$ cat protein_37.cif   # mmCIF, C-alpha atoms
data_work
loop_
_atom_site.label_atom_id
_atom_site.label_comp_id
_atom_site.auth_asym_id
_atom_site.auth_seq_id
_atom_site.Cartn_x
_atom_site.Cartn_y
_atom_site.Cartn_z
CA MET M 1 222.47 72.86 18.42
CA LYS M 2 222.56 70.69 15.27
CA ILE M 3 220.57 71.97 12.34
CA GLY M 4 219.63 70.41 9.00
CA ILE M 5 218.36 72.45 6.06
CA LEU M 6 216.00 71.26 3.32
CA LEU M 7 216.12 73.43 0.18
CA LYS M 8 213.32 72.85 -2.32
CA GLU M 9 213.87 75.41 -5.07
CA GLY M 10 216.50 76.07 -7.71
CA PRO M 11 218.85 79.05 -7.70
CA TYR M 12 217.98 82.57 -8.90
CA ASN M 13 214.33 81.91 -9.80
CA HIS M 14 213.39 82.07 -6.12
CA GLN M 15 214.99 83.72 -3.10
CA ALA M 16 214.95 80.38 -1.26
CA SER M 17 218.63 79.54 -1.99
CA ASP M 18 219.75 82.94 -0.75
CA SER M 19 217.63 82.74 2.40
CA ALA M 20 218.89 79.22 3.16
CA TYR M 21 222.49 80.33 2.69
CA LYS M 22 222.12 83.45 4.86
CA PHE M 23 220.43 81.36 7.55
CA ALA M 24 223.22 78.74 7.48
CA GLU M 25 225.85 81.46 7.68
CA ALA M 26 224.15 83.10 10.69
CA ALA M 27 223.64 79.76 12.47
CA ILE M 28 227.33 78.87 12.08
CA LYS M 29 228.32 82.32 13.28
CA LYS M 30 226.26 81.75 16.43
CA GLY M 31 228.18 78.55 17.12
CA HIS M 32 225.64 76.01 15.85
CA THR M 33 226.49 73.05 13.66
CA VAL M 34 224.84 73.08 10.27
CA ASP M 35 224.96 69.38 9.54
CA ALA M 36 223.68 69.31 5.97
CA VAL M 37 221.82 71.12 3.24
CA PHE M 38 219.60 68.60 1.45
CA LEU M 39 218.49 69.65 -2.03
CA TYR M 40 215.08 68.45 -3.24
CA ASN M 41 212.69 69.23 -6.10
CA ASP M 42 214.34 71.86 -8.34
CA GLY M 43 216.73 72.52 -5.44
CA VAL M 44 219.13 70.01 -6.99
CA SER M 45 220.04 72.65 -9.61
CA ASN M 46 221.87 74.58 -6.90
CA VAL M 47 225.02 72.50 -7.28
CA THR M 48 225.85 72.33 -10.97
CA LYS M 49 229.34 73.63 -11.77
CA LEU M 50 228.05 74.65 -15.21
CA MET M 51 226.43 77.62 -13.48
CA ASP M 52 228.01 80.79 -14.87
CA PRO M 53 226.23 83.97 -13.75
CA PRO M 54 227.44 87.46 -14.72
CA GLN M 55 230.52 88.55 -12.75
CA ASP M 56 228.67 91.14 -10.68
CA ASP M 57 226.16 88.56 -9.42
CA ARG M 58 226.57 85.90 -6.74
CA ASN M 59 227.53 82.41 -7.87
CA ILE M 60 225.14 80.28 -5.85
CA ALA M 61 226.84 76.95 -6.61
CA ALA M 62 230.27 78.33 -5.67
CA ARG M 63 228.80 79.65 -2.44
CA TRP M 64 227.53 76.17 -1.44
CA ASP M 65 230.92 74.75 -2.40
CA ALA M 66 232.65 77.21 -0.06
CA LEU M 67 230.21 76.47 2.76
CA HIS M 68 231.15 72.80 2.51
CA LYS M 69 234.88 73.45 2.33
CA GLN M 70 235.03 76.05 5.09
CA HIS M 71 232.51 74.64 7.54
CA GLY M 72 232.12 70.98 6.63
CA VAL M 73 228.42 71.37 5.80
CA GLU M 74 227.30 68.41 3.71
CA ILE M 75 225.68 69.60 0.49
CA LEU M 76 223.49 66.75 -0.73
CA ALA M 77 221.34 66.46 -3.84
CA CYS M 78 218.53 63.89 -3.88
CA ILE M 79 219.29 61.21 -6.47
CA ALA M 80 215.73 60.75 -7.74
CA ALA M 81 215.19 64.51 -8.11
CA SER M 82 218.65 64.88 -9.72
CA LYS M 83 218.13 62.15 -12.31
CA ARG M 84 214.88 63.72 -13.39
CA ARG M 85 216.61 67.05 -13.95
CA GLY M 86 219.89 65.97 -15.55
CA ILE M 87 222.03 66.58 -12.50
CA SER M 88 224.76 63.93 -12.26
CA ASP M 89 228.23 63.47 -10.73
CA GLU M 90 229.74 64.86 -13.96
CA VAL M 91 228.23 68.31 -13.47
CA LEU M 92 228.42 68.48 -9.68
CA ILE M 93 230.55 70.99 -7.79
CA GLU M 94 233.32 69.36 -5.73
CA GLY M 95 231.71 70.07 -2.37
CA ALA M 96 228.39 68.39 -3.17
CA SER M 97 227.33 64.80 -3.53
CA ILE M 98 224.29 62.86 -4.69
CA THR M 99 222.45 60.70 -2.21
CA GLY M 100 219.08 59.13 -1.47
CA LEU M 101 216.04 60.27 0.47
CA GLY M 102 217.09 57.87 3.24
CA THR M 103 219.87 60.35 4.00
CA LEU M 104 217.29 63.11 4.42
CA THR M 105 215.46 60.88 6.90
CA ASP M 106 218.73 60.40 8.81
CA ILE M 107 219.24 64.17 8.78
CA ALA M 108 215.74 64.65 10.20
CA ILE M 109 216.47 62.09 12.92
CA ARG M 110 219.95 63.17 13.97
CA ASN M 111 219.46 66.95 14.06
CA ASP M 112 217.69 69.10 16.64
CA ARG M 113 216.01 71.07 13.86
CA LEU M 114 215.13 70.62 10.21
CA ILE M 115 214.25 73.88 8.54
CA THR M 116 212.80 74.10 5.04
CA PHE M 117 213.34 76.82 2.47
CA GLY M 118 211.45 76.87 -0.82
CA ASP M 119 208.73 78.68 -2.65
CA MET W 1 211.85 51.96 37.12
CA GLY W 2 214.70 49.67 36.13
CA ASN W 3 212.36 47.48 34.11
CA ILE W 4 210.88 50.24 32.00
CA ASP W 5 212.47 50.29 28.57
CA VAL W 6 212.48 53.89 27.45
CA GLY W 7 215.46 53.45 25.14
CA GLU W 8 213.41 51.94 22.35
CA ASN W 9 211.47 55.07 21.43
CA ILE W 10 214.02 57.69 22.20
CA ASN W 11 215.10 58.21 18.61
CA ILE W 12 211.66 58.11 17.07
CA LYS W 13 210.79 61.48 15.66
CA LYS W 14 207.38 62.85 14.91
CA ILE W 15 207.46 63.98 11.29
CA MET W 16 204.46 65.58 9.60
CA HIS W 17 204.24 66.05 5.84
CA VAL W 18 201.85 68.79 4.81
CA MET W 19 200.43 68.57 1.30
CA ARG W 20 199.47 72.08 0.19
CA HIS W 21 199.56 71.96 -3.60
CA ALA W 22 197.13 70.55 -6.13
CA PRO W 23 198.57 67.56 -7.99
CA HIS W 24 199.85 67.68 -11.62
CA GLY W 25 200.14 71.49 -11.95
CA THR W 26 203.43 71.26 -10.05
CA ILE W 27 205.58 68.31 -9.01
CA TYR W 28 205.44 69.07 -5.28
CA THR W 29 202.75 66.52 -4.44
CA TYR W 30 204.36 63.72 -6.44
CA GLU W 31 207.88 64.26 -5.10
CA GLY W 32 206.40 64.76 -1.64
CA LEU W 33 204.76 61.35 -1.92
CA GLU W 34 208.11 59.83 -2.96
CA MET W 35 209.68 61.35 0.16
CA ILE W 36 206.92 59.95 2.39
CA LEU W 37 207.32 56.44 0.95
CA ILE W 38 211.08 56.41 1.64
CA MET W 39 210.68 57.87 5.13
CA ALA W 40 208.06 55.23 5.92
CA ALA W 41 210.80 52.59 5.83
CA TYR W 42 212.58 54.27 8.75
CA GLU W 43 209.92 53.54 11.36
CA GLN W 44 209.44 57.11 12.48
CA ASP W 45 206.11 58.52 13.69
CA LEU W 46 204.88 59.80 10.32
CA SER W 47 201.70 61.67 9.52
CA VAL W 48 200.37 63.45 6.44
CA ALA W 49 198.09 66.49 6.55
CA PHE W 50 196.17 67.74 3.50
CA ILE W 51 195.52 71.46 3.65
CA GLY W 52 194.26 73.94 1.04
CA ASP W 53 194.69 72.69 -2.54
CA GLY W 54 196.51 69.70 -1.05
CA VAL W 55 193.11 68.02 -0.57
CA TYR W 56 192.79 67.74 -4.37
CA ALA W 57 195.59 65.15 -4.30
CA LEU W 58 193.09 62.69 -2.82
CA LYS W 59 190.21 63.40 -5.22
CA LYS W 60 188.57 60.37 -6.84
CA ASP W 61 188.37 59.94 -10.64
CA GLN W 62 191.69 61.56 -11.54
CA ASN W 63 192.74 60.48 -15.02
CA THR W 64 196.02 61.92 -16.24
CA ALA W 65 196.34 59.87 -19.46
CA ALA W 66 195.54 62.81 -21.73
CA ILE W 67 197.99 65.24 -20.12
CA GLY W 68 200.97 62.91 -20.52
CA ILE W 69 201.82 62.84 -16.82
CA LYS W 70 201.97 59.64 -14.80
CA GLY W 71 199.05 59.44 -12.38
CA PHE W 72 199.84 58.78 -8.75
CA ALA W 73 196.61 59.31 -6.85
CA LYS W 74 196.26 55.58 -6.23
CA THR W 75 199.66 55.54 -4.52
CA PHE W 76 198.00 57.34 -1.61
CA MET W 77 195.88 54.19 -1.20
CA ALA W 78 199.09 52.20 -0.72
CA LEU W 79 200.32 54.35 2.20
CA ASP W 80 198.43 52.12 4.60
CA GLY W 81 200.61 49.19 3.51
CA TYR W 82 203.67 51.24 4.45
CA ASP W 83 202.23 51.81 7.93
CA VAL W 84 201.49 55.47 7.18
CA GLU W 85 198.06 55.49 8.73
CA LYS W 86 197.75 59.01 10.08
CA LEU W 87 196.16 60.92 7.23
CA TYR W 88 194.50 64.17 8.28
CA VAL W 89 192.36 66.38 6.06
CA ASP W 90 191.52 69.95 6.96
CA GLN W 91 187.75 70.24 7.14
CA LEU W 92 187.46 73.85 5.95
CA SER W 93 189.69 73.15 2.94
CA LEU W 94 187.30 70.36 1.90
CA GLU W 95 184.19 72.47 2.45
CA GLU W 96 185.53 75.48 0.58
CA ARG W 97 186.12 73.25 -2.43
CA GLY W 98 182.66 71.71 -2.34
CA LEU W 99 184.08 68.31 -1.44
CA THR W 100 183.16 65.75 1.20
CA GLU W 101 184.91 62.67 2.53
CA ASP W 102 183.07 60.62 -0.11
CA ASP W 103 184.96 62.43 -2.85
CA LEU W 104 188.28 61.16 -1.52
CA LEU W 105 190.16 58.02 -2.59
CA VAL W 106 191.33 56.98 0.84
CA LYS W 107 190.00 56.80 4.33
CA VAL W 108 191.16 59.87 6.22
CA GLU W 109 190.47 61.67 9.44
CA VAL W 110 188.75 64.98 8.76
CA LEU W 111 189.75 67.45 11.47
CA GLY W 112 189.26 71.11 12.26
CA SER W 113 192.22 73.44 11.96
CA GLY W 114 192.50 73.70 15.75
CA GLU W 115 192.99 69.95 16.05
CA ILE W 116 195.50 69.80 13.18
CA GLY W 117 197.27 72.82 14.69
CA LYS W 118 197.65 70.95 17.98
CA LEU W 119 199.11 67.95 16.15
CA MET W 120 201.50 70.23 14.23
CA ASN W 121 202.67 71.66 17.52
CA GLU W 122 203.71 68.21 18.75
CA GLN W 123 205.98 67.53 15.77
CA ASP W 124 209.77 67.43 15.70
CA VAL W 125 209.77 68.06 11.97
CA VAL W 126 207.18 69.55 9.59
CA ILE W 127 207.78 69.47 5.84
CA HIS W 128 205.47 71.24 3.40
CA HIS W 129 205.07 69.96 -0.16
CA MET Q 1 206.44 76.40 17.04
CA LEU Q 2 207.92 78.98 14.68
CA HIS Q 3 205.86 79.51 11.54
CA THR Q 4 207.59 81.18 8.61
CA ILE Q 5 205.65 82.77 5.76
CA ASN Q 6 207.51 83.73 2.59
CA LYS Q 7 204.70 84.76 0.22
CA SER Q 8 203.08 88.12 -0.32
CA PRO Q 9 199.59 87.97 1.24
CA PHE Q 10 198.31 89.71 -1.90
CA ALA Q 11 199.41 86.75 -4.06
CA SER Q 12 198.92 83.75 -1.81
CA ASP Q 13 196.66 82.52 0.97
CA SER Q 14 199.62 81.28 3.07
CA LEU Q 15 199.00 83.86 5.78
CA GLU Q 16 195.23 83.26 5.91
CA THR Q 17 195.80 79.51 5.99
CA CYS Q 18 198.65 79.50 8.50
CA ARG Q 19 196.78 81.66 10.99
CA ARG Q 20 194.01 79.04 11.33
CA PHE Q 21 196.55 76.50 12.63
CA LEU Q 22 198.40 78.76 15.09
CA GLN Q 23 198.51 77.65 18.70
CA PRO Q 24 198.89 80.09 21.58
CA GLY Q 25 202.57 80.89 22.10
CA ASP Q 26 203.58 80.10 18.50
CA SER Q 27 205.58 82.78 16.70
CA VAL Q 28 205.09 83.94 13.12
CA LEU Q 29 208.09 85.18 11.16
CA PHE Q 30 207.65 86.87 7.79
CA ILE Q 31 210.52 86.45 5.34
CA GLU Q 32 211.09 87.10 1.62
CA ASP Q 33 207.89 88.39 -0.05
CA GLY Q 34 206.02 87.49 3.13
CA VAL Q 35 207.18 90.76 4.69
CA TYR Q 36 204.68 92.74 2.60
CA ALA Q 37 202.09 91.51 5.12
CA VAL Q 38 203.44 93.79 7.85
CA GLN Q 39 203.90 97.04 5.92
CA ALA Q 40 202.13 99.66 8.02
CA GLY Q 41 198.75 100.82 6.71
CA ASN Q 42 197.99 97.95 4.33
CA LYS Q 43 194.76 95.95 4.30
CA PHE Q 44 196.21 93.19 6.51
CA ALA Q 45 196.71 95.52 9.48
CA SER Q 46 193.69 94.22 11.42
CA LEU Q 47 194.59 90.59 10.74
CA ILE Q 48 198.13 91.19 12.02
CA GLU Q 49 196.67 92.90 15.07
CA THR Q 50 194.35 89.94 15.73
CA ILE Q 51 197.18 87.42 15.40
CA GLN Q 52 199.21 89.40 17.92
CA LYS Q 53 196.62 88.73 20.64
CA ASN Q 54 197.98 85.18 21.05
CA ASN Q 55 201.16 85.09 19.01
CA SER Q 56 204.24 87.19 18.48
CA VAL Q 57 204.75 88.49 14.97
CA LEU Q 58 208.21 89.16 13.54
CA ALA Q 59 209.68 90.21 10.21
CA LEU Q 60 213.15 89.75 8.77
CA HIS Q 61 214.98 93.05 8.51
CA PRO Q 62 217.09 92.33 5.40
CA ASP Q 63 213.92 91.36 3.50
CA LEU Q 64 212.07 94.48 4.66
CA GLY Q 65 214.99 96.68 3.65
CA ALA Q 66 215.32 95.03 0.24
CA ARG Q 67 211.67 95.87 -0.45
CA GLY Q 68 211.76 99.45 0.79
CA ILE Q 69 209.57 98.76 3.80
CA THR Q 70 210.60 101.21 6.51
CA VAL Q 71 207.50 101.29 8.71
CA VAL Q 72 205.91 98.09 10.00
CA ALA Q 73 202.58 97.52 11.75
CA ASP Q 74 202.43 98.17 15.50
CA GLY Q 75 203.88 95.44 17.68
CA VAL Q 76 205.76 93.66 14.89
CA ARG Q 77 209.29 92.85 15.99
CA VAL Q 78 212.01 93.29 13.40
CA VAL Q 79 214.87 90.77 13.51
CA ASP Q 80 218.00 90.11 11.49
CA TYR Q 81 219.29 86.63 10.56
CA GLU Q 82 220.82 86.29 14.01
CA GLY Q 83 217.36 86.81 15.50
CA PHE Q 84 215.96 84.26 13.02
CA VAL Q 85 218.50 81.71 14.34
CA GLU Q 86 217.52 82.55 17.94
CA LEU Q 87 213.87 81.86 17.11
CA VAL Q 88 214.90 78.48 15.67
CA GLU Q 89 216.79 77.76 18.91
CA GLU Q 90 213.52 78.29 20.80
CA HIS Q 91 211.08 76.54 18.49
CA GLN Q 92 210.65 73.74 15.99
CA VAL Q 93 210.02 75.22 12.55
CA ASN Q 94 206.98 75.07 10.28
CA SER Q 95 207.72 76.74 6.93
CA TRP Q 96 204.49 77.52 5.07
CA LEU Q 97 205.85 77.21 1.53
#
$ encode --input "protein_37.cif" --output "structure tokens"
Amino acid sequence: MKIGILLKEGPYNHQASDSAYKFAEAAIKKGHTVDAVFLYNDGVSNVTKLMDPPQDDRNIAARWDALHKQHGVEILACIAASKRRGISDEVLIEGASITGLGTLTDIAIRNDRLITFGD
Amino acid sequence: MGNIDVGENINIKKIMHVMRHAPHGTIYTYEGLEMILIMAAYEQDLSVAFIGDGVYALKKDQNTAAIGIKGFAKTFMALDGYDVEKLYVDQLSLEERGLTEDDLLVKVEVLGSGEIGKLMNEQDVVIHH
Amino acid sequence: MLHTINKSPFASDSLETCRRFLQPGDSVLFIEDGVYAVQAGNKFASLIETIQKNNSVLALHPDLGARGITVVADGVRVVDYEGFVELVEEHQVNSWL
């Protein structure tokens, strides 16, 4: 099965990023394809490489980066939401890219499921 | 059978946007509206349901000038021009807030939760804002 | 359809709202702070019982554990993330954010 994920909240403030990641991990483990994680609203803050949490905490941006590199999951930040919040190519982790809401529509069309995480 | 063209609609998905937040206090309604306007260009089967505080998004007489936030209520009136014609409002949510259809900016279909629930059940994708 | 609820019922009306739109055969999965709804003996016990007449009710084990919830209301099925994925295989998803 092909699954798309829509993530609507930023990291740390809400559990949404953690739930989305755990879900993606479990879906891949069960043999499904996680096509993309689309970041919307404050969700775009998930992929800034300036993120620098204490060493004993998870690094949420690095985790998305690894998900892309190990499993080919597209990590996509909405351009309109990113511009509003100062997220640009300069601060983006390697594994993520900025794209338009048209891409989210394509994700909704081409996947068997679109599951939303947020607050 | 050979003459029936089923290929045309095979990739059309039913996508419902559910507005659940009041406008202005958070950005969810505004960015939700932006998402709906882009998706409208893709000729999918779109609908928008207003549930709970989401019904406030359609309230007449909103004036945001003094709070320094761009108003967008009138954009809901433009949805028709983007062929987004299925606007559903949850009846109980309206009643609980002391509102009637006359308090709303756009023409909508006021439905009971059972009817909206049935429509939700038919969707391929449901996105809450 | 699979409905997910991620808010504490003491802080949000997500549960009360969602239940009005449930169709027979839909499943309800509580995640994150939503899991407080199914802690045994709380004031939502009768609501959870009513919902279970037409719908299956589930709660995510890692979120229960994180919140110290060890006993859930009768009939509530506890699943891990693998079970969450299986529910998504069976149903389209409606996340009540």
$ residues_around --input "protein_37.cif" --residues "stretch 59-70 of chain Q" --least-positions-apart "6" --cutoff "9 Å" --atoms "only C-alpha atoms" --output "ChimeraX atom specification"
/Q:28-36,38-40,76-81,83-84
$ closest_atom_pairs --input "protein_37.cif" --of "chain Q" --to "chain M" --cutoff "9 Å" --atoms "all atoms listed in the file" --output "CSV"
residue,atom,partner,partner_atom,distance
Q:Asn6,CA,M:Asp119,CA,7.4
Q:Lys7,CA,M:Asp119,CA,7.8
Q:Ile31,CA,M:Ser19,CA,8.5
Q:Glu32,CA,M:Gln15,CA,7.0
Q:Tyr81,CA,M:Ala26,CA,6.0
Q:Glu82,CA,M:Ala26,CA,5.7
Q:Phe84,CA,M:Phe23,CA,7.6
Q:Val85,CA,M:Ala27,CA,5.8
Q:Glu86,CA,M:Ala27,CA,8.7
Q:Val88,CA,M:Arg113,CA,7.7
Q:Glu89,CA,M:Met1,CA,7.5
Q:His91,CA,M:Arg113,CA,8.7
Q:Gln92,CA,M:Arg113,CA,6.4
Q:Val93,CA,M:Ile115,CA,6.0
Q:Asn94,CA,M:Ile115,CA,7.6
Q:Ser95,CA,M:Thr116,CA,6.0
Q:Trp96,CA,M:Asp119,CA,8.9
Q:Leu97,CA,M:Asp119,CA,5.3
$ closest_residue --input "protein_37.cif" --among "W:Phe76, W:Phe50, W:Tyr82, W:Tyr56" --to "W:Gly112" --atoms "all atoms listed in the file"
W:Phe50
$ interface_residues --input "protein_37.cif" --of "chain W" --to "chain M" --cutoff "12 Å" --atoms "only C-alpha atoms" --output "PyMOL selection string"
chain W and resi 10-17+20-21+26-46+123-129
$ atom_distance --input "protein_37.cif" --atom1 "atom CA of M:Leu92" --atom2 "atom CA of M:Met51"
10.1 Å
$ interface_residues --input "protein_37.cif" --of "chain W" --to "chain Q" --cutoff "6 Å" --atoms "only C-alpha atoms" --output "PyMOL selection string"
chain W and resi 113-114+117+126
$ closest_residue --input "protein_37.cif" --among "W:Asp90, W:Gly71, W:Asp103, W:Glu95" --to "W:Glu115" --atoms "all atoms listed in the file"
W:Asp90
$ resolve_selection --input "protein_37.cif" --expression "the PyMOL selection byres ((chain Q and resi 54) around 10)" --output "PyMOL selection string"
chain Q and resi 22-27+49-53+55-57
$ atom_distance --input "protein_37.cif" --atom1 "atom CA of W:Asn121" --atom2 "atom CA of W:Ser93"
19.6 Å
$ residues_around --input "protein_37.cif" --residues "M:His68" --least-positions-apart "2" --cutoff "12 Å" --atoms "all atoms listed in the file" --output "NGL selection string"
:M and (21 or 24-25 or 28 or 34-37 or 47 or 61-66 or 70-76 or 93-97)
$ resolve_selection --input "protein_37.cif" --expression "the PyMOL selection byres ((chain M and resi 46) around 7)" --output "PyMOL selection string"
chain M and resi 10-11+43-45+47-48+60-61
$ atom_distance --input "protein_37.cif" --atom1 "atom CA of W:Val84" --atom2 "atom CA of W:Ala57"
16.1 Å
$ residues_near_point --input "protein_37.cif" --point "(195.1, 63.1, -14.8)" --cutoff "12 Å" --atoms "all atoms listed in the file" --output "list in words"
Ala22, Pro23, His24, Gly25, Tyr56, Ala57, Lys59, Lys60, Asp61, Gln62, Asn63, Thr64, Ala65, Ala66, Ile67, Gly68, Ile69, Lys70, Gly71, Phe72, Ala73 and Lys74 of chain W
$ decode --input "protein_37.cif" --residues "stretch 90-112 of chain M" --atoms "C-alpha atoms" --output "short mmCIF file (atom, residue, chain, number, x, y, z; two decimals), in the first residue's frame"
data_model
loop_
_atom_site.label_atom_id
_atom_site.label_comp_id
_atom_site.auth_asym_id
_atom_site.auth_seq_id
_atom_site.Cartn_x
_atom_site.Cartn_y
_atom_site.Cartn_z
CA GLU M 90 19.46 27.87 3.13
CA VAL M 91 18.27 26.38 6.43
CA LEU M 92 16.84 23.13 5.08
CA ILE M 93 18.22 19.70 5.97
CA GLU M 94 19.65 17.84 2.96
CA GLY M 95 16.85 15.29 2.77
CA ALA M 96 14.04 17.83 2.55
CA SER M 97 12.84 20.14 -0.17
CA ILE M 98 10.39 23.00 -0.57
CA THR M 99 7.45 22.58 -2.89
CA GLY M 100 3.94 23.83 -3.58
CA LEU M 101 0.51 22.72 -2.44
CA GLY M 102 0.01 21.20 -5.90
CA THR M 103 2.45 18.51 -4.81
CA LEU M 104 0.25 17.74 -1.80
CA THR M 105 -2.68 17.35 -4.18
CA ASP M 106 -0.61 14.91 -6.26
CA ILE M 107 0.27 13.02 -3.07
CA ALA M 108 -3.43 12.80 -2.19
CA ILE M 109 -4.21 11.51 -5.69
CA ARG M 110 -1.42 8.98 -6.13
CA ASN M 111 -1.49 7.32 -2.70
CA ASP M 112 -3.94 4.80 -1.27
#
